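What follows is the content of protein.txt, which has compact mmCIF, C-alpha atoms:
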# COMPACT_ATOMS: atom_id res chain seq x y z
CA PRO A 1 2.28 -14.85 15.16
CA THR A 2 5.60 -13.75 16.56
CA PRO A 3 8.70 -13.24 14.37
CA ASP A 4 9.83 -16.78 15.27
CA THR A 5 6.47 -18.40 14.49
CA GLU A 6 6.23 -20.44 11.33
CA ILE A 7 3.13 -19.79 9.23
CA SER A 8 1.81 -22.46 6.90
CA VAL A 9 0.41 -21.82 3.45
CA GLU A 10 -3.01 -22.82 4.79
CA ASP A 11 -2.73 -20.17 7.52
CA LEU A 12 -1.98 -17.49 4.94
CA GLN A 13 -5.12 -18.34 2.98
CA MET A 14 -3.15 -17.85 -0.22
CA ARG A 15 -6.05 -19.29 -2.19
CA LEU A 16 -7.74 -15.91 -1.64
CA LEU A 17 -5.14 -14.38 -3.96
CA THR A 18 -6.27 -16.56 -6.83
CA TRP A 19 -9.95 -16.13 -5.99
CA PHE A 20 -10.10 -12.38 -6.11
CA HIS A 21 -7.09 -11.19 -8.11
CA THR A 22 -8.06 -11.44 -11.76
CA HIS A 23 -5.10 -9.25 -12.82
CA PRO A 24 -1.38 -9.64 -12.06
CA VAL A 25 -0.54 -8.91 -8.42
CA SER A 26 1.90 -5.99 -8.24
CA ASP A 27 2.61 -5.84 -4.48
CA ILE A 28 1.78 -7.77 -1.30
CA ALA A 29 2.74 -7.34 2.37
CA PHE A 30 1.80 -8.10 5.96
CA LEU A 31 0.36 -5.14 7.86
CA GLY A 32 1.26 -4.16 11.41
CA ALA A 33 3.46 -5.69 14.05
CA SER A 34 1.13 -8.64 14.66
CA SER A 35 1.09 -9.62 10.95
CA GLN A 36 -2.53 -10.75 11.24
CA VAL A 37 -3.65 -8.90 8.10
CA CYS A 38 -2.26 -8.94 4.56
CA ALA A 39 -2.71 -6.39 1.80
CA SER A 40 -2.25 -6.90 -1.92
CA ILE A 41 -2.76 -4.76 -5.01
CA ASP A 42 -3.12 -5.60 -8.67
CA GLU A 43 -2.93 -4.10 -12.13
CA GLY A 44 -6.74 -4.07 -12.31
CA GLY A 45 -6.85 -1.29 -9.70
CA ARG A 46 -7.88 -3.39 -6.72
CA LEU A 47 -6.57 -3.23 -3.18
CA ARG A 48 -7.41 -6.33 -1.14
CA LEU A 49 -7.14 -6.69 2.62
CA TRP A 50 -7.55 -10.04 4.29
CA GLN A 51 -7.14 -11.65 7.66
CA ILE A 52 -4.59 -14.40 8.14
CA GLY A 53 -6.14 -17.56 9.49
CA ARG A 54 -9.73 -18.09 10.37
CA GLY A 55 -11.38 -15.19 12.14
CA LEU A 56 -14.89 -14.21 13.06
CA ASP A 57 -15.44 -12.40 9.77
CA PRO A 58 -17.28 -14.81 7.42
CA LYS A 59 -16.07 -13.07 4.25
CA GLY A 60 -12.44 -12.83 5.35
CA PHE A 61 -11.40 -10.04 2.95
CA ARG A 62 -12.29 -6.55 1.71
CA VAL A 63 -11.74 -4.88 -1.68
CA VAL A 64 -11.22 -1.21 -2.56
CA CYS A 65 -11.40 -0.40 -6.30
CA PHE A 66 -9.49 2.36 -8.08
CA THR A 67 -9.68 3.49 -11.71
CA SER A 68 -6.09 2.74 -12.73
CA ALA A 69 -3.52 0.00 -12.21
CA LEU A 70 -1.97 -0.07 -8.74
CA THR A 71 1.80 -0.43 -8.78
CA SER A 72 3.18 -0.23 -5.24
CA PHE A 73 2.20 0.47 -1.65
CA THR A 74 3.80 1.17 1.68
CA ALA A 75 2.37 1.30 5.19
CA ASP A 76 3.08 3.04 8.47
CA GLU A 77 4.78 0.93 11.14
CA ASP A 78 1.41 -0.09 12.66
CA GLY A 79 -0.14 -1.03 9.31
CA GLN A 80 -3.06 1.32 9.87
CA LEU A 81 -2.36 3.78 7.07
CA LEU A 82 -1.47 2.71 3.53
CA LEU A 83 0.00 4.84 0.77
CA VAL A 84 -0.92 3.27 -2.57
CA GLY A 85 0.66 4.32 -5.88
CA SER A 86 -0.83 3.98 -9.35
CA ASP A 87 0.33 4.02 -12.95
CA SER A 88 -1.58 7.29 -13.44
CA GLY A 89 0.69 9.07 -10.93
CA CYS A 90 -1.78 9.14 -8.03
CA VAL A 91 -1.03 8.47 -4.38
CA HIS A 92 -4.03 7.20 -2.41
CA VAL A 93 -4.07 7.41 1.40
CA VAL A 94 -6.12 4.51 2.81
CA ASN A 95 -7.08 4.10 6.47
CA CYS A 96 -6.85 0.40 7.38
CA ALA A 97 -7.05 0.75 11.17
CA ASP A 98 -10.03 -1.61 10.91
CA TRP A 99 -9.24 -3.79 7.90
CA ARG A 100 -12.95 -4.64 7.59
CA LYS A 101 -13.75 -0.97 6.87
CA PRO A 102 -10.97 0.49 4.69
CA ASP A 103 -11.47 4.17 3.91
CA VAL A 104 -9.79 6.29 1.22
CA LEU A 105 -8.84 9.51 3.03
CA ASP A 106 -7.04 11.38 0.26
CA THR A 107 -5.91 11.07 -3.35
CA LEU A 108 -3.37 13.34 -5.01
CA ARG A 109 -1.96 13.08 -8.50
CA ILE A 110 1.68 13.87 -7.86
CA CYS A 111 2.87 13.57 -11.49
CA ASP A 112 1.89 12.77 -15.07
CA ALA A 113 4.15 9.72 -15.08
CA GLY A 114 3.21 6.60 -13.16
CA ILE A 115 4.58 5.55 -9.80
CA ALA A 116 6.95 2.58 -9.98
CA LYS A 117 7.69 2.14 -6.26
CA LEU A 118 6.84 3.71 -2.91
CA CYS A 119 9.02 3.62 0.22
CA SER A 120 8.33 5.26 3.57
CA VAL A 121 9.39 5.73 7.16
CA THR A 122 7.14 6.53 10.14
CA HIS A 123 8.26 9.33 12.46
CA GLU A 124 7.31 8.67 16.12
CA GLY A 125 3.64 8.16 15.32
CA ARG A 126 3.34 11.68 13.90
CA CYS A 127 3.69 11.26 10.15
CA ILE A 128 4.88 9.17 7.24
CA SER A 129 7.67 10.54 5.04
CA ALA A 130 7.67 8.87 1.65
CA ALA A 131 9.58 8.70 -1.61
CA ALA A 132 8.10 7.63 -4.93
CA SER A 133 10.20 6.35 -7.81
CA LEU A 134 8.45 7.55 -10.97
CA PHE A 135 8.36 6.13 -14.49
CA ASN A 136 9.92 9.37 -15.80
CA ASN A 137 13.16 8.71 -13.83
CA LYS A 138 12.39 11.21 -11.09
CA ILE A 139 11.87 10.71 -7.38
CA ALA A 140 9.03 12.51 -5.62
CA PHE A 141 9.15 13.30 -1.89
CA PHE A 142 6.05 13.86 0.24
CA THR A 143 4.64 13.43 3.72
CA VAL A 144 1.32 12.45 5.29
CA MET A 145 0.53 13.69 8.81
CA PHE A 146 -1.54 11.35 11.00
CA THR A 147 -3.59 14.25 12.41
CA ASP A 148 -4.54 15.43 8.89
CA PRO A 149 -3.99 12.51 6.51
CA LYS A 150 -3.43 14.46 3.28
CA VAL A 151 -0.52 14.13 0.86
CA HIS A 152 1.81 17.14 1.19
CA MET A 153 4.38 17.34 -1.63
CA PHE A 154 7.95 18.45 -1.00
CA GLY A 155 9.20 18.22 -4.58
CA PHE A 156 11.06 16.15 -7.15
CA VAL A 157 14.62 15.11 -7.86
CA ASP A 158 15.60 14.33 -11.45
CA VAL A 159 18.25 11.60 -11.28
CA MET A 160 19.33 12.02 -14.94
CA GLY A 161 19.08 8.30 -15.62
CA SER A 162 17.12 5.25 -14.65
CA VAL A 163 16.11 4.61 -11.04
CA ASP A 164 16.74 1.00 -10.03
CA ASP A 165 15.64 1.18 -6.39
CA ILE A 166 14.78 3.63 -3.65
Here is a file; write its structure as structure tokens.
Amino acid sequence: PTPDTEISVEDLQMRLLTWFHTHPVSDIAFLGASSQVCASIDEGGRLRLWQIGRGLDPKGFRVVCFTSALTSFTADEDGQLLLVGSDSGCVHVVNCADWRKPDVLDTLRICDAGIAKLCSVTHEGRCISAAASLFNNKIAFFTVMFTDPKVHMFGFVDVMGSVDDI
């Protein structure tokens, strides 16, 4: 679909959310410029990727399981690389270039506190710079290069109070 195209509930296959999310959904988003794939995460530690509309894939979705609750995710501008945060303070780098074959490329525990929210910006197809709002009222800054998709920490900022949004 284009930005002006209306998408019906049937096209979104929203019933898939109720079929395979047995825990509360914590984040959901379209991936990539074409918005043909959706991603969602839940408090049970599951990342789900599914195709919008009917495609050639008979299953229509894929699941990646993690050991702790997933709280937030962000993607590069093409929707091929996801950064997924957890309540255990881990950032998972997931390759979704082919949504049918998601691959966890790196995991780094950036803090003892959980991650409340992730935000990112893509720099000219070279890397993702990201910020993570943490449950201990700090903000973590890190980057992931596309040529070597590993989490590289820059550091933390203590905001001396609660963080409402980043």
Problem set entry | Counting all atoms listed in the file, the option among A:Thr67, A:Gln51, A:Ser72, A:Gln80 closest to A:Pro149 | A:Gln80
Problem set entry | Length of the atom CA of A:Val151 to atom CA of A:Trp50 vector [Å] | 25.4 Å
For this session: Could you give me, as a VMD selection string, the residues within 9 Å of stretch 113-125 of chain A, counting all atoms listed in the file and dropping anything in the same chain fewer than 4 positions from it?
Result: chain A and resid 70 to 78 83 to 91 129 to 136 143 146 165 to 166
Problem set entry | Exercise: A:Phe61 partners within 9 Å, all atoms listed in the file, chain neighbours under 6 positions left out, as JSON, numbers by chain | {"A": [16, 48, 49, 50, 51, 99, 100]}
Expected file: the selected residues, C-alpha atoms, as a tab-separated table (two decimals), in the coordinates of the input:
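Below you can see result_34.tsv, which holds the result:
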chain	number	residue	atom	x	y	z
A	16	LEU	CA	-7.74	-15.91	-1.64
A	48	ARG	CA	-7.41	-6.33	-1.14
A	49	LEU	CA	-7.14	-6.69	2.62
A	50	TRP	CA	-7.55	-10.04	4.29
A	51	GLN	CA	-7.14	-11.65	7.66
A	99	TRP	CA	-9.24	-3.79	7.90
A	100	ARG	CA	-12.95	-4.64	7.59
Seminar exercise, completed: Taken to one decimal, the atom CA of A:Val159-atom CA of A:Val94 distance is 29.0 Å
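Going from atom CA of A:Ile52 over to atom CA of A:Leu105, you cover 24.8 Å.
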10 Å contact set for A:Leu47, all atoms listed in the file, chain neighbours under 5 positions out, as a compact mmCIF listing (two decimals) with C-alpha atoms, in the frame of the given file:
# COMPACT_ATOMS: atom_id res chain seq x y z
CA HIS A 21 -7.09 -11.19 -8.11
CA VAL A 25 -0.54 -8.91 -8.42
CA ASP A 27 2.61 -5.84 -4.48
CA ILE A 28 1.78 -7.77 -1.30
CA ALA A 39 -2.71 -6.39 1.80
CA SER A 40 -2.25 -6.90 -1.92
CA ILE A 41 -2.76 -4.76 -5.01
CA ASP A 42 -3.12 -5.60 -8.67
CA ARG A 62 -12.29 -6.55 1.71
CA VAL A 63 -11.74 -4.88 -1.68
CA VAL A 64 -11.22 -1.21 -2.56
CA CYS A 65 -11.40 -0.40 -6.30
CA PHE A 66 -9.49 2.36 -8.08
CA LEU A 70 -1.97 -0.07 -8.74
CA PHE A 73 2.20 0.47 -1.65
CA VAL A 84 -0.92 3.27 -2.57
CA VAL A 94 -6.12 4.51 2.81
CA PRO A 102 -10.97 0.49 4.69
Problem set entry | Given all atoms listed in the file as the counted atoms, nearest of A:Cys127, A:Gly32, A:Gly60, A:Ser68 to A:Gly44 | A:Ser68
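If you measure from each of A:Asp148, A:Lys138, A:Leu108, A:Arg126 to A:Asn95 using all atoms listed in the file, the closest one turns out to be A:Asp148.
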